file work-v9.txt (compact mmCIF, C-alpha atoms and all ligand atoms)
# COMPACT_ATOMS: atom_id res chain seq x y z
CA PRO A 1141 15.13 36.88 -10.17
CA GLU A 1142 16.16 33.28 -10.73
CA SER A 1143 13.17 31.04 -10.04
CA LYS A 1144 13.41 28.67 -7.10
CA LEU A 1145 11.08 26.34 -9.00
CA PRO A 1146 12.12 26.67 -12.64
CA LYS A 1147 10.28 23.53 -13.77
CA VAL A 1148 6.96 24.50 -12.21
CA GLY A 1149 4.18 26.09 -14.24
CA THR A 1150 0.47 26.35 -13.49
CA THR A 1151 -0.80 23.04 -12.12
CA ILE A 1152 -2.50 20.79 -14.68
CA PHE A 1153 -5.69 20.82 -12.58
CA SER A 1154 -6.17 24.56 -13.07
CA VAL A 1155 -5.12 24.36 -16.71
CA MET A 1156 -7.62 21.63 -17.61
CA SER A 1157 -10.51 23.04 -15.57
CA HIS A 1158 -9.96 26.37 -17.31
CA LEU A 1159 -9.91 24.71 -20.73
CA ALA A 1160 -13.06 22.76 -19.87
CA ALA A 1161 -14.85 25.99 -18.95
CA GLN A 1162 -13.66 27.70 -22.13
CA HIS A 1163 -15.11 24.93 -24.29
CA ASP A 1164 -18.11 24.19 -22.13
CA ALA A 1165 -16.85 20.61 -21.83
CA VAL A 1166 -17.99 18.09 -19.24
CA ASN A 1167 -15.23 18.55 -16.70
CA LEU A 1168 -13.92 15.13 -15.66
CA SER A 1169 -10.40 16.55 -15.23
CA GLN A 1170 -9.69 18.17 -11.84
CA GLY A 1171 -10.87 15.87 -9.05
CA PHE A 1172 -13.89 17.30 -7.26
CA PRO A 1173 -17.51 16.19 -6.86
CA ASP A 1174 -20.30 18.03 -8.64
CA PHE A 1175 -22.70 17.20 -5.79
CA GLU A 1176 -22.98 18.41 -2.20
CA GLY A 1177 -21.68 16.88 1.00
CA PRO A 1178 -23.98 15.91 3.90
CA GLU A 1179 -26.60 18.57 4.56
CA LEU A 1180 -26.31 18.27 8.32
CA MET A 1181 -22.60 19.00 8.13
CA ARG A 1182 -23.17 22.09 5.99
CA GLU A 1183 -25.86 23.27 8.38
CA ARG A 1184 -23.45 22.94 11.27
CA VAL A 1185 -21.00 25.28 9.51
CA ALA A 1186 -23.77 27.88 9.22
CA PHE A 1187 -24.69 27.27 12.85
CA TYR A 1188 -21.15 27.82 14.09
CA MET A 1189 -20.71 30.93 11.95
CA ALA A 1190 -23.95 32.35 13.39
CA ASN A 1191 -22.96 31.45 16.93
CA GLY A 1192 -19.59 32.97 17.54
CA ALA A 1193 -17.13 30.33 16.34
CA ASN A 1194 -15.36 32.80 14.07
CA GLN A 1195 -11.99 33.36 15.71
CA TYR A 1196 -8.75 31.39 15.53
CA ALA A 1197 -9.01 27.70 16.17
CA PRO A 1198 -6.29 26.24 18.40
CA MET A 1199 -3.02 25.95 16.47
CA THR A 1200 -3.15 22.15 16.66
CA GLY A 1201 -6.79 21.97 15.58
CA ALA A 1202 -10.18 22.05 17.31
CA GLU A 1203 -10.17 19.54 20.15
CA PRO A 1204 -13.44 17.77 19.19
CA LEU A 1205 -12.16 17.18 15.67
CA ARG A 1206 -8.83 15.79 16.83
CA ALA A 1207 -10.74 13.52 19.21
CA ALA A 1208 -13.08 12.33 16.43
CA ILE A 1209 -10.09 11.50 14.22
CA ALA A 1210 -8.37 9.57 17.02
CA GLU A 1211 -11.60 7.62 17.58
CA LYS A 1212 -11.86 6.85 13.86
CA VAL A 1213 -8.31 5.55 13.40
CA GLN A 1214 -8.66 3.43 16.52
CA ARG A 1215 -11.89 1.91 15.21
CA LEU A 1216 -10.75 1.42 11.60
CA TYR A 1217 -7.01 0.80 11.85
CA GLY A 1218 -6.48 -0.27 15.46
CA TYR A 1219 -4.14 2.70 15.94
CA SER A 1220 -4.13 4.55 19.24
CA ALA A 1221 -3.34 8.17 18.46
CA CYS A 1222 -3.06 10.70 21.26
CA SER A 1223 -5.42 13.40 20.01
CA GLU A 1224 -3.46 16.08 21.84
CA LYS A 1225 0.06 15.15 20.83
CA GLU A 1226 -0.24 13.20 17.60
CA VAL A 1227 -3.13 14.65 15.57
CA THR A 1228 -2.86 18.02 13.81
CA ILE A 1229 -5.55 19.69 11.72
CA THR A 1230 -4.25 21.38 8.58
CA SER A 1231 -5.60 23.49 5.75
CA GLY A 1232 -6.13 20.56 3.41
CA ALA A 1233 -3.86 17.60 2.88
CA THR A 1234 -1.70 19.89 0.75
CA GLU A 1235 -0.65 21.88 3.81
CA ALA A 1236 0.00 18.72 5.82
CA ILE A 1237 2.24 17.37 3.06
CA PHE A 1238 4.17 20.63 2.76
CA ALA A 1239 4.57 20.90 6.53
CA ALA A 1240 5.70 17.29 6.96
CA ILE A 1241 8.31 17.59 4.21
CA SER A 1242 9.52 20.97 5.46
CA ALA A 1243 9.77 19.66 9.01
CA VAL A 1244 12.26 16.90 8.25
CA VAL A 1245 13.88 17.29 4.84
CA ARG A 1246 17.24 19.05 4.91
CA GLN A 1247 19.54 20.32 2.16
CA GLY A 1248 20.75 17.37 0.09
CA ASP A 1249 18.34 14.83 1.60
CA GLU A 1250 16.77 12.46 -0.88
CA VAL A 1251 13.05 11.81 -0.95
CA VAL A 1252 11.62 8.94 -2.98
CA VAL A 1253 8.35 9.41 -4.86
CA PHE A 1254 6.67 6.92 -7.17
CA ASP A 1255 5.70 8.10 -10.64
CA PRO A 1256 3.10 9.00 -11.71
CA ALA A 1257 3.26 11.14 -8.55
CA TYR A 1258 0.74 13.70 -7.34
CA ASP A 1259 2.11 17.09 -8.23
CA CYS A 1260 2.56 18.78 -4.86
CA TYR A 1261 5.36 16.55 -3.53
CA GLU A 1262 8.30 17.61 -5.67
CA PRO A 1263 8.03 21.40 -5.24
CA ALA A 1264 7.85 20.95 -1.46
CA ILE A 1265 10.95 18.75 -1.52
CA GLU A 1266 12.87 21.16 -3.74
CA LEU A 1267 11.97 24.29 -1.78
CA ASN A 1268 13.50 22.59 1.23
CA GLY A 1269 16.73 21.78 -0.61
CA GLY A 1270 15.90 18.11 -0.92
CA ILE A 1271 16.42 15.94 -3.97
CA CYS A 1272 13.38 14.20 -5.41
CA ARG A 1273 14.13 10.66 -6.59
CA HIS A 1274 11.41 9.53 -8.99
CA LEU A 1275 10.86 5.79 -9.27
CA PRO A 1276 8.45 4.59 -11.94
CA LEU A 1277 5.63 2.34 -10.79
CA SER A 1278 5.45 -0.90 -12.79
CA LEU A 1279 2.80 -1.07 -15.49
CA PRO A 1280 0.13 -2.20 -16.07
CA ASP A 1281 -0.95 -2.34 -12.44
CA PHE A 1282 1.12 0.56 -11.04
CA SER A 1283 2.80 -1.60 -8.43
CA ILE A 1284 5.98 -0.72 -6.58
CA ASN A 1285 9.15 -2.32 -7.95
CA TRP A 1286 10.76 -3.32 -4.66
CA ASP A 1287 14.13 -4.19 -6.19
CA LEU A 1288 14.32 -0.76 -7.76
CA LEU A 1289 13.42 0.84 -4.44
CA LYS A 1290 16.06 -1.20 -2.65
CA ASP A 1291 18.71 -0.09 -5.14
CA THR A 1292 17.66 3.55 -4.75
CA LEU A 1293 17.81 3.75 -0.96
CA SER A 1294 21.02 5.16 0.47
CA PRO A 1295 22.22 6.85 3.64
CA ARG A 1296 21.02 10.08 2.04
CA THR A 1297 17.41 8.87 1.79
CA ARG A 1298 15.36 10.82 4.30
CA MET A 1299 11.82 9.97 3.30
CA ILE A 1300 9.65 7.78 1.07
CA ILE A 1301 6.26 9.11 0.01
CA VAL A 1302 3.58 6.48 -0.51
CA ASN A 1303 0.14 7.33 -1.84
CA THR A 1304 -2.54 4.69 -1.33
CA PRO A 1305 -5.10 4.57 -2.87
CA HIS A 1306 -3.01 6.09 -5.60
CA ASN A 1307 -3.88 9.16 -7.63
CA PRO A 1308 -4.11 8.86 -10.66
CA SER A 1309 -4.09 5.04 -11.04
CA GLY A 1310 -6.30 3.97 -8.14
CA ALA A 1311 -3.76 1.28 -7.21
CA THR A 1312 -3.71 0.26 -3.57
CA LEU A 1313 -1.00 -1.17 -1.34
CA SER A 1314 -1.58 -4.65 0.05
CA ARG A 1315 -0.67 -5.86 3.50
CA THR A 1316 2.24 -7.70 1.87
CA ASP A 1317 3.43 -4.42 0.34
CA LEU A 1318 3.50 -2.88 3.80
CA ASP A 1319 5.54 -5.82 5.12
CA LEU A 1320 8.00 -5.52 2.23
CA LEU A 1321 8.36 -1.81 2.86
CA ALA A 1322 8.98 -2.44 6.56
CA GLU A 1323 11.65 -4.99 5.74
CA LEU A 1324 13.45 -2.59 3.40
CA ILE A 1325 13.68 0.30 5.84
CA ARG A 1326 13.95 -1.64 9.11
CA ASP A 1327 17.55 -0.74 9.92
CA THR A 1328 17.48 2.77 8.54
CA HIS A 1329 16.33 6.20 9.72
CA ILE A 1330 14.06 6.64 6.71
CA LEU A 1331 10.73 8.33 7.43
CA LEU A 1332 7.46 7.76 5.57
CA LEU A 1333 4.83 10.15 4.36
CA GLY A 1334 1.56 8.36 3.73
CA ASP A 1335 -0.76 10.30 1.45
CA GLU A 1336 -4.03 8.54 2.22
CA VAL A 1337 -6.54 11.18 1.17
CA TYR A 1338 -8.65 8.50 -0.57
CA GLU A 1339 -8.57 6.18 2.47
CA HIS A 1340 -12.36 5.79 2.44
CA ILE A 1341 -12.69 5.18 -1.29
CA VAL A 1342 -11.55 1.57 -1.82
CA PHE A 1343 -13.67 -0.81 -3.88
CA ASP A 1344 -14.63 -4.47 -4.21
CA GLN A 1345 -14.85 -5.07 -0.46
CA GLN A 1346 -11.11 -4.58 -0.08
CA PRO A 1347 -9.68 -3.00 3.07
CA HIS A 1348 -7.63 0.19 3.03
CA ASN A 1349 -4.19 -0.82 4.26
CA SER A 1350 -3.20 2.35 6.06
CA LEU A 1351 0.36 2.80 7.27
CA LEU A 1352 -1.38 3.15 10.64
CA CYS A 1353 -2.38 -0.56 10.49
CA HIS A 1354 1.30 -1.51 10.58
CA SER A 1355 2.80 -0.57 13.92
CA GLU A 1356 6.40 -0.70 12.72
CA LEU A 1357 5.63 1.65 9.82
CA ALA A 1358 3.30 3.89 11.82
CA ALA A 1359 6.14 4.55 14.26
CA ARG A 1360 8.01 6.46 11.53
CA SER A 1361 5.14 7.87 9.47
CA PHE A 1362 3.31 11.08 8.84
CA VAL A 1363 -0.14 9.92 7.71
CA VAL A 1364 -2.15 12.53 5.87
CA SER A 1365 -5.82 12.64 4.92
CA SER A 1366 -8.37 15.15 3.62
CA PHE A 1367 -11.98 15.80 4.59
CA GLY A 1368 -12.45 17.30 1.14
CA LYS A 1369 -12.40 13.84 -0.43
CA THR A 1370 -14.38 12.06 2.24
CA TYR A 1371 -17.22 14.56 2.67
CA HIS A 1372 -17.43 16.01 -0.88
CA THR A 1373 -16.14 19.37 0.36
CA THR A 1374 -12.87 19.99 -1.49
CA GLY A 1375 -13.42 23.75 -1.18
CA TRP A 1376 -13.29 23.67 2.60
CA LYS A 1377 -9.62 22.71 2.59
CA VAL A 1378 -9.52 20.83 5.88
CA GLY A 1379 -7.15 17.91 6.33
CA TYR A 1380 -5.03 16.35 9.03
CA CYS A 1381 -1.77 14.66 9.83
CA ILE A 1382 -1.22 11.86 12.33
CA ALA A 1383 2.35 11.21 13.42
CA PRO A 1384 4.18 10.00 16.53
CA GLU A 1385 4.81 12.76 19.05
CA PRO A 1386 8.41 13.63 18.09
CA LEU A 1387 7.41 13.97 14.42
CA THR A 1388 4.24 15.88 15.28
CA THR A 1389 6.30 18.30 17.38
CA GLU A 1390 8.42 19.13 14.33
CA LEU A 1391 5.41 19.25 11.99
CA ARG A 1392 3.67 21.75 14.23
CA LYS A 1393 6.72 24.03 14.25
CA VAL A 1394 6.14 24.46 10.52
CA HIS A 1395 2.34 24.44 10.62
CA GLN A 1396 2.19 27.24 13.18
CA TYR A 1397 4.09 29.59 10.88
CA LEU A 1398 2.64 28.35 7.62
CA THR A 1399 -1.05 28.85 8.42
CA PHE A 1400 -1.12 28.76 12.25
CA SER A 1401 -4.60 27.23 12.20
CA THR A 1402 -7.49 26.15 9.99
CA ALA A 1403 -10.97 27.68 9.61
CA THR A 1404 -12.88 27.18 12.88
CA PRO A 1405 -16.53 26.64 11.81
CA PHE A 1406 -15.54 23.94 9.31
CA GLN A 1407 -13.55 22.03 11.92
CA LEU A 1408 -16.37 22.09 14.46
CA ALA A 1409 -18.97 21.09 11.87
CA ILE A 1410 -16.92 18.14 10.66
CA ALA A 1411 -16.36 17.04 14.27
CA ASP A 1412 -20.10 17.07 14.96
CA TYR A 1413 -20.83 15.12 11.83
CA MET A 1414 -18.14 12.50 12.50
CA GLN A 1415 -19.47 11.97 16.01
CA GLN A 1416 -23.06 11.61 14.87
CA HIS A 1417 -22.41 9.56 11.75
CA PRO A 1418 -19.49 7.19 12.23
CA GLU A 1419 -21.15 4.86 9.69
CA TYR A 1420 -20.70 7.43 6.88
CA THR A 1421 -17.22 6.28 5.92
CA THR A 1422 -18.35 2.66 5.75
CA ALA A 1423 -21.01 3.60 3.18
CA LEU A 1424 -18.68 5.70 1.01
CA PRO A 1425 -17.03 2.84 -0.94
CA GLY A 1426 -20.46 1.57 -2.05
CA PHE A 1427 -21.52 5.09 -3.04
CA TYR A 1428 -18.49 5.59 -5.26
CA GLN A 1429 -18.41 2.02 -6.53
CA GLU A 1430 -21.84 2.58 -8.07
CA LYS A 1431 -20.45 5.60 -9.89
CA ARG A 1432 -17.36 3.70 -10.99
CA ASP A 1433 -19.47 0.85 -12.31
CA LEU A 1434 -21.84 3.16 -14.14
CA PHE A 1435 -18.97 5.09 -15.71
CA CYS A 1436 -17.18 1.88 -16.75
CA GLN A 1437 -20.40 0.53 -18.22
CA LEU A 1438 -20.83 3.73 -20.25
CA LEU A 1439 -17.23 3.44 -21.47
CA GLN A 1440 -17.83 -0.13 -22.68
CA SER A 1441 -19.25 1.16 -25.95
CA SER A 1442 -16.18 3.34 -26.60
CA SER A 1443 -12.75 2.27 -27.84
CA PHE A 1444 -11.02 3.14 -24.60
CA ASP A 1445 -9.34 0.22 -22.82
CA PHE A 1446 -9.34 0.11 -19.05
CA SER A 1447 -9.67 -2.04 -16.00
CA PRO A 1448 -11.98 -0.74 -13.28
CA THR A 1449 -10.10 1.33 -10.74
CA LYS A 1450 -9.49 -0.22 -7.29
CA GLY A 1451 -9.75 2.99 -5.32
CA THR A 1452 -10.03 6.83 -5.52
CA TYR A 1453 -12.63 8.51 -7.74
CA PHE A 1454 -10.43 8.34 -10.81
CA GLN A 1455 -10.55 6.00 -13.77
CA LEU A 1456 -7.52 5.67 -16.04
CA VAL A 1457 -8.21 4.81 -19.67
CA ASP A 1458 -5.89 3.82 -22.49
CA TYR A 1459 -6.70 5.60 -25.77
CA SER A 1460 -4.24 3.69 -28.02
CA ARG A 1461 -7.07 2.44 -30.23
CA ILE A 1462 -8.40 5.99 -30.69
CA SER A 1463 -5.40 8.20 -31.35
CA GLU A 1464 -1.65 8.35 -31.80
CA MET A 1465 -1.42 11.73 -30.10
CA ASP A 1466 0.65 12.21 -26.95
CA ASP A 1467 -1.51 12.38 -23.84
CA VAL A 1468 -1.33 16.16 -23.33
CA SER A 1469 -2.47 16.79 -26.89
CA PHE A 1470 -5.12 14.09 -26.61
CA ALA A 1471 -6.54 15.56 -23.37
CA ARG A 1472 -6.69 19.00 -24.99
CA TRP A 1473 -8.32 17.61 -28.13
CA LEU A 1474 -10.81 15.60 -26.12
CA THR A 1475 -11.74 18.75 -24.21
CA SER A 1476 -11.96 21.20 -27.09
CA GLU A 1477 -13.29 18.91 -29.85
CA LYS A 1478 -15.22 16.20 -28.05
CA GLY A 1479 -16.46 18.11 -25.01
CA VAL A 1480 -15.03 15.98 -22.21
CA ALA A 1481 -12.05 17.15 -20.14
CA ALA A 1482 -9.48 14.70 -18.75
CA ILE A 1483 -6.06 14.82 -17.12
CA PRO A 1484 -3.02 13.52 -19.03
CA VAL A 1485 -0.93 11.14 -16.94
CA SER A 1486 2.56 11.94 -18.26
CA VAL A 1487 2.57 15.28 -16.41
CA PHE A 1488 2.96 13.25 -13.19
CA CYS A 1489 6.06 11.46 -14.48
CA GLU A 1490 9.63 12.75 -14.55
CA GLN A 1491 10.61 10.40 -17.39
CA PRO A 1492 8.19 10.01 -20.26
CA VAL A 1493 7.05 6.40 -20.52
CA PRO A 1494 7.21 5.38 -24.19
CA ASP A 1495 3.86 4.27 -25.56
CA MET A 1496 1.97 5.24 -22.43
CA LYS A 1497 -1.32 6.56 -23.74
CA LEU A 1498 -3.34 7.19 -20.62
CA VAL A 1499 -5.69 9.88 -19.43
CA ARG A 1500 -7.57 10.16 -16.13
CA PHE A 1501 -11.27 10.78 -15.72
CA CYS A 1502 -12.88 11.85 -12.43
CA PHE A 1503 -16.19 10.05 -11.86
CA ALA A 1504 -17.19 11.91 -8.68
CA LYS A 1505 -20.16 13.26 -10.61
CA GLY A 1506 -23.93 12.99 -10.64
CA GLU A 1507 -25.58 10.46 -12.95
CA GLN A 1508 -26.58 13.12 -15.47
CA THR A 1509 -23.01 14.35 -15.81
CA LEU A 1510 -21.72 10.80 -16.19
CA HIS A 1511 -24.34 9.97 -18.82
CA LEU A 1512 -23.56 13.11 -20.80
CA ALA A 1513 -19.83 12.32 -20.70
CA GLY A 1514 -20.59 8.68 -21.56
CA GLU A 1515 -22.61 9.71 -24.60
CA ARG A 1516 -19.77 11.84 -25.92
CA LEU A 1517 -17.05 9.29 -25.14
CA SER A 1518 -18.95 6.35 -26.63
CA GLN A 1519 -18.60 8.00 -30.03
CA LEU A 1520 -14.85 7.43 -29.82
N1 LIG B 1 -2.95 14.16 -2.29
C1 LIG B 1 -3.64 13.62 -3.30
C2 LIG B 1 -3.22 12.31 -3.84
C3 LIG B 1 -4.75 14.29 -3.82
O1 LIG B 1 -5.42 13.77 -4.84
C4 LIG B 1 -5.12 15.54 -3.25
C5 LIG B 1 -6.29 16.33 -3.73
N2 LIG B 1 -6.79 16.17 -4.87
C6 LIG B 1 -4.36 16.05 -2.20
C7 LIG B 1 -3.28 15.34 -1.76
C8 LIG B 1 -4.68 17.39 -1.60
O2 LIG B 1 -5.79 17.39 -0.78
P1 LIG B 1 -6.44 18.76 -0.24
O3 LIG B 1 -7.37 19.23 -1.29
O4 LIG B 1 -7.11 18.36 1.03
O5 LIG B 1 -5.33 19.72 -0.01
N1 LIG B 2 -6.28 16.42 -6.19
C1 LIG B 2 -7.15 16.88 -7.23
C2 LIG B 2 -6.93 16.02 -8.45
O1 LIG B 2 -6.15 15.12 -8.44
C3 LIG B 2 -6.90 18.30 -7.60
C4 LIG B 2 -6.48 19.21 -6.52
C5 LIG B 2 -6.10 20.54 -7.06
O2 LIG B 2 -6.70 21.02 -8.00
N2 LIG B 2 -5.12 21.11 -6.47
O3 LIG B 2 -7.55 16.26 -9.45
call {"tool": "encode", "arguments": {"input": "work-v9.txt", "output": "structure tokens"}}
result
Amino acid sequence: PESKLPKVGTTIFSVMSHLAAQHDAVNLSQGFPDFEGPELMRERVAFYMANGANQYAPMTGAEPLRAAIAEKVQRLYGYSACSEKEVTITSGATEAIFAAISAVVRQGDEVVVFDPAYDCYEPAIELNGGICRHLPLSLPDFSINWDLLKDTLSPRTRMIIVNTPHNPSGATLSRTDLDLLAELIRDTHILLLGDEVYEHIVFDQQPHNSLLCHSELAARSFVVSSFGKTYHTTGWKVGYCIAPEPLTTELRKVHQYLTFSTATPFQLAIADYMQQHPEYTTALPGFYQEKRDLFCQLLQSSSFDFSPTKGTYFQLVDYSRISEMDDVSFARWLTSEKGVAAIPVSVFCEQPVPDMKLVRFCFAKGEQTLHLAGERLSQL
């Protein structure tokens, strides 16, 4: 049969992790930590599994977890979310993103994404009959070109997807960016999808400027996050979406037939941990900044060029001084010949950017792993 997604192959994350395993390379490609999340939280999962919390969670999510999220966004972003009507637990951020897009994008609607764009947006848009409009971020700092965005918006624009901190570049939106965005869409019906899965990984004492901090934007936003990133548990696949009631109502119509609900013991364990350790998220930037700084220090003796990432657990590096290869070939060569796996950046762009020689490393790794990678990379 004719494919509904002719352009889609196997995601680059699976491809590179597989290649890394084949060559026994240090896997700095797919983004996941090689260390464990909080022990107490993992113990609570075991506790709930042993004590009868093994049936369906409520469709909207376990009540204590929704309450803990509402408390957190009030404390951090000054946003009052009704935990019953505006917070939905999903099976990872991926499900939240798919459900939000499916809930509001109709045949022929345009959705703006900024390239390089995380790879799950476009297939969700296309499966719903929408048209994905790719706008390149401006190099070298991966900022939004507001004039270009203004020229792209039309009565057909249904949604803009913003990802801050941004995967793969680590770029973050400033408060001024949020104001500019608000100005551009003020008299329109355009909705926003905020992919904020790295909300708690922002460096150099900078704040995370969530769409939730901006009341005008929050009023038309789906804001998505992932416990996988925050608690080093990407395999649990628990995320959430916060949106005003009318948007949440539509989101839940999709969610209830997509997955219905998310694994119960994980939700209850995360809720317990959030209640007992609200300070955890405040400590996370320092935890990852140490890793960023170590990794950047190790890269100093290589010929990669880079500026330290502002957020996420990814570091982009420019390999122009090392090779003339395109980035996909370079990432493969680096994996198979030099023993360090990375993600090429061009796969996240609709239009190839001439002379862009960038690959992404994930530094959510223990010191030993980072040192081993550093040793191998410093020979380049
Ligand atoms: N958005 C971005 C930008 C991501 O990097 C990721 C995960 N790597 C996701 C969404 C998906 O998160 P989850 O694993 O919770 O589905
Ligand atoms: N988001 C992770 C990354 O950017 C990968 C998630 C996945 O493998 N689907 O590397």
call {"tool": "closest_atom_pairs", "arguments": {"input": "work-v9.txt", "of": "segment 1300-1382 of chain A", "to": "segment 1250-1268 of chain A", "cutoff": "9 Å", "atoms": "only C-alpha atoms", "output": "Markdown table"}}
result
| residue | atom | partner | partner_atom | distance |
| --- | --- | --- | --- | --- |
| A:Ile1300 | CA | A:Val1252 | CA | 4.7 |
| A:Ile1301 | CA | A:Val1253 | CA | 5.3 |
| A:Val1302 | CA | A:Val1253 | CA | 7.1 |
| A:Asn1303 | CA | A:Ala1257 | CA | 8.3 |
| A:His1306 | CA | A:Ala1257 | CA | 8.6 |
| A:Asn1307 | CA | A:Tyr1258 | CA | 6.5 |
| A:Pro1308 | CA | A:Pro1256 | CA | 7.3 |
| A:Ser1309 | CA | A:Pro1256 | CA | 8.2 |
call {"tool": "closest_residue", "arguments": {"input": "work-v9.txt", "among": "A:Arg1206, A:Arg1296, A:Arg1215, A:Lys1290", "to": "Gly1248 of chain A", "atoms": "all atoms listed in the file"}}
result
A:Arg1296
call {"tool": "atom_distance", "arguments": {"input": "work-v9.txt", "atom1": "atom CA of Gly1426 of chain A", "atom2": "atom CA of Leu1352 of chain A"}}
result
23.0 Å
call {"tool": "axis_aligned_box", "arguments": {"input": "work-v9.txt", "around": "ligand LIG 1 (chain B)", "padding_each_side": "6 Å", "output": "lines of an AutoDock Vina configuration file"}}
result
center_x = -5.2
center_y = 16.0
center_z = -1.9
size_x = 16.4
size_y = 19.4
size_z = 17.9
call {"tool": "atom_distance", "arguments": {"input": "work-v9.txt", "atom1": "atom CA of Ser1469 of chain A", "atom2": "atom O2 of ligand LIG 1 (chain B)"}}
result
26.3 Å
call {"tool": "closest_atom_pairs", "arguments": {"input": "work-v9.txt", "of": "chain A", "to": "ligand LIG 1 (chain B)", "cutoff": "9 Å", "atoms": "only C-alpha atoms and all ligand atoms", "output": "JSON lines"}}
result
{"residue": "A:Gln1170", "atom": "CA", "partner": "B:LIG1", "partner_atom": "N2", "distance": 7.8}
{"residue": "A:Gly1171", "atom": "CA", "partner": "B:LIG1", "partner_atom": "N2", "distance": 5.8}
{"residue": "A:Phe1172", "atom": "CA", "partner": "B:LIG1", "partner_atom": "N2", "distance": 7.6}
{"residue": "A:Thr1230", "atom": "CA", "partner": "B:LIG1", "partner_atom": "O4", "distance": 8.6}
{"residue": "A:Ser1231", "atom": "CA", "partner": "B:LIG1", "partner_atom": "O5", "distance": 6.9}
{"residue": "A:Gly1232", "atom": "CA", "partner": "B:LIG1", "partner_atom": "O4", "distance": 3.4}
{"residue": "A:Ala1233", "atom": "CA", "partner": "B:LIG1", "partner_atom": "O4", "distance": 3.8}
{"residue": "A:Thr1234", "atom": "CA", "partner": "B:LIG1", "partner_atom": "O5", "distance": 3.7}
{"residue": "A:Glu1235", "atom": "CA", "partner": "B:LIG1", "partner_atom": "O5", "distance": 6.4}
{"residue": "A:Ala1236", "atom": "CA", "partner": "B:LIG1", "partner_atom": "O5", "distance": 8.0}
{"residue": "A:Ile1237", "atom": "CA", "partner": "B:LIG1", "partner_atom": "C7", "distance": 7.6}
{"residue": "A:Ala1257", "atom": "CA", "partner": "B:LIG1", "partner_atom": "C2", "distance": 8.1}
{"residue": "A:Tyr1258", "atom": "CA", "partner": "B:LIG1", "partner_atom": "C2", "distance": 5.5}
{"residue": "A:Asp1259", "atom": "CA", "partner": "B:LIG1", "partner_atom": "C1", "distance": 8.3}
{"residue": "A:Cys1260", "atom": "CA", "partner": "B:LIG1", "partner_atom": "C7", "distance": 7.5}
{"residue": "A:Tyr1261", "atom": "CA", "partner": "B:LIG1", "partner_atom": "N1", "distance": 8.7}
{"residue": "A:Asn1303", "atom": "CA", "partner": "B:LIG1", "partner_atom": "C2", "distance": 6.3}
{"residue": "A:Thr1304", "atom": "CA", "partner": "B:LIG1", "partner_atom": "C2", "distance": 8.1}
{"residue": "A:Pro1305", "atom": "CA", "partner": "B:LIG1", "partner_atom": "C2", "distance": 8.0}
{"residue": "A:His1306", "atom": "CA", "partner": "B:LIG1", "partner_atom": "C2", "distance": 6.5}
{"residue": "A:Asn1307", "atom": "CA", "partner": "B:LIG1", "partner_atom": "C2", "distance": 5.0}
{"residue": "A:Pro1308", "atom": "CA", "partner": "B:LIG1", "partner_atom": "C2", "distance": 7.7}
{"residue": "A:Asp1335", "atom": "CA", "partner": "B:LIG1", "partner_atom": "N1", "distance": 5.8}
{"residue": "A:Glu1336", "atom": "CA", "partner": "B:LIG1", "partner_atom": "C2", "distance": 7.2}
{"residue": "A:Val1337", "atom": "CA", "partner": "B:LIG1", "partner_atom": "N1", "distance": 5.8}
{"residue": "A:Tyr1338", "atom": "CA", "partner": "B:LIG1", "partner_atom": "C2", "distance": 7.4}
{"residue": "A:Val1364", "atom": "CA", "partner": "B:LIG1", "partner_atom": "C7", "distance": 8.2}
{"residue": "A:Ser1365", "atom": "CA", "partner": "B:LIG1", "partner_atom": "O4", "distance": 7.0}
{"residue": "A:Ser1366", "atom": "CA", "partner": "B:LIG1", "partner_atom": "O4", "distance": 4.3}
{"residue": "A:Phe1367", "atom": "CA", "partner": "B:LIG1", "partner_atom": "O4", "distance": 6.6}
{"residue": "A:Gly1368", "atom": "CA", "partner": "B:LIG1", "partner_atom": "O4", "distance": 5.4}
{"residue": "A:Lys1369", "atom": "CA", "partner": "B:LIG1", "partner_atom": "O4", "distance": 7.1}
{"residue": "A:Thr1373", "atom": "CA", "partner": "B:LIG1", "partner_atom": "O3", "distance": 8.9}
{"residue": "A:Thr1374", "atom": "CA", "partner": "B:LIG1", "partner_atom": "O3", "distance": 5.6}
{"residue": "A:Gly1375", "atom": "CA", "partner": "B:LIG1", "partner_atom": "O3", "distance": 7.6}
{"residue": "A:Trp1376", "atom": "CA", "partner": "B:LIG1", "partner_atom": "O4", "distance": 8.3}
{"residue": "A:Lys1377", "atom": "CA", "partner": "B:LIG1", "partner_atom": "O4", "distance": 5.3}
{"residue": "A:Val1378", "atom": "CA", "partner": "B:LIG1", "partner_atom": "O4", "distance": 6.0}
{"residue": "A:Gly1379", "atom": "CA", "partner": "B:LIG1", "partner_atom": "O4", "distance": 5.3}
{"residue": "A:Tyr1380", "atom": "CA", "partner": "B:LIG1", "partner_atom": "O4", "distance": 8.5}
{"residue": "A:Thr1452", "atom": "CA", "partner": "B:LIG1", "partner_atom": "O1", "distance": 8.4}
call {"tool": "atom_distance", "arguments": {"input": "work-v9.txt", "atom1": "atom CA of Glu1385 of chain A", "atom2": "atom CA of Tyr1219 of chain A"}}
result
13.8 Å
call {"tool": "closest_residue", "arguments": {"input": "work-v9.txt", "among": "A:Phe1400, A:Val1394, A:Asp1467, A:Leu1332", "to": "Arg1360 of chain A", "atoms": "all atoms listed in the file"}}
result
A:Leu1332
call {"tool": "closest_residue", "arguments": {"input": "work-v9.txt", "among": "A:Thr1228, A:Ser1361, A:Ser1242, A:Gln1455", "to": "ligand LIG 2 (chain B)", "atoms": "all atoms listed in the file"}}
result
A:Gln1455
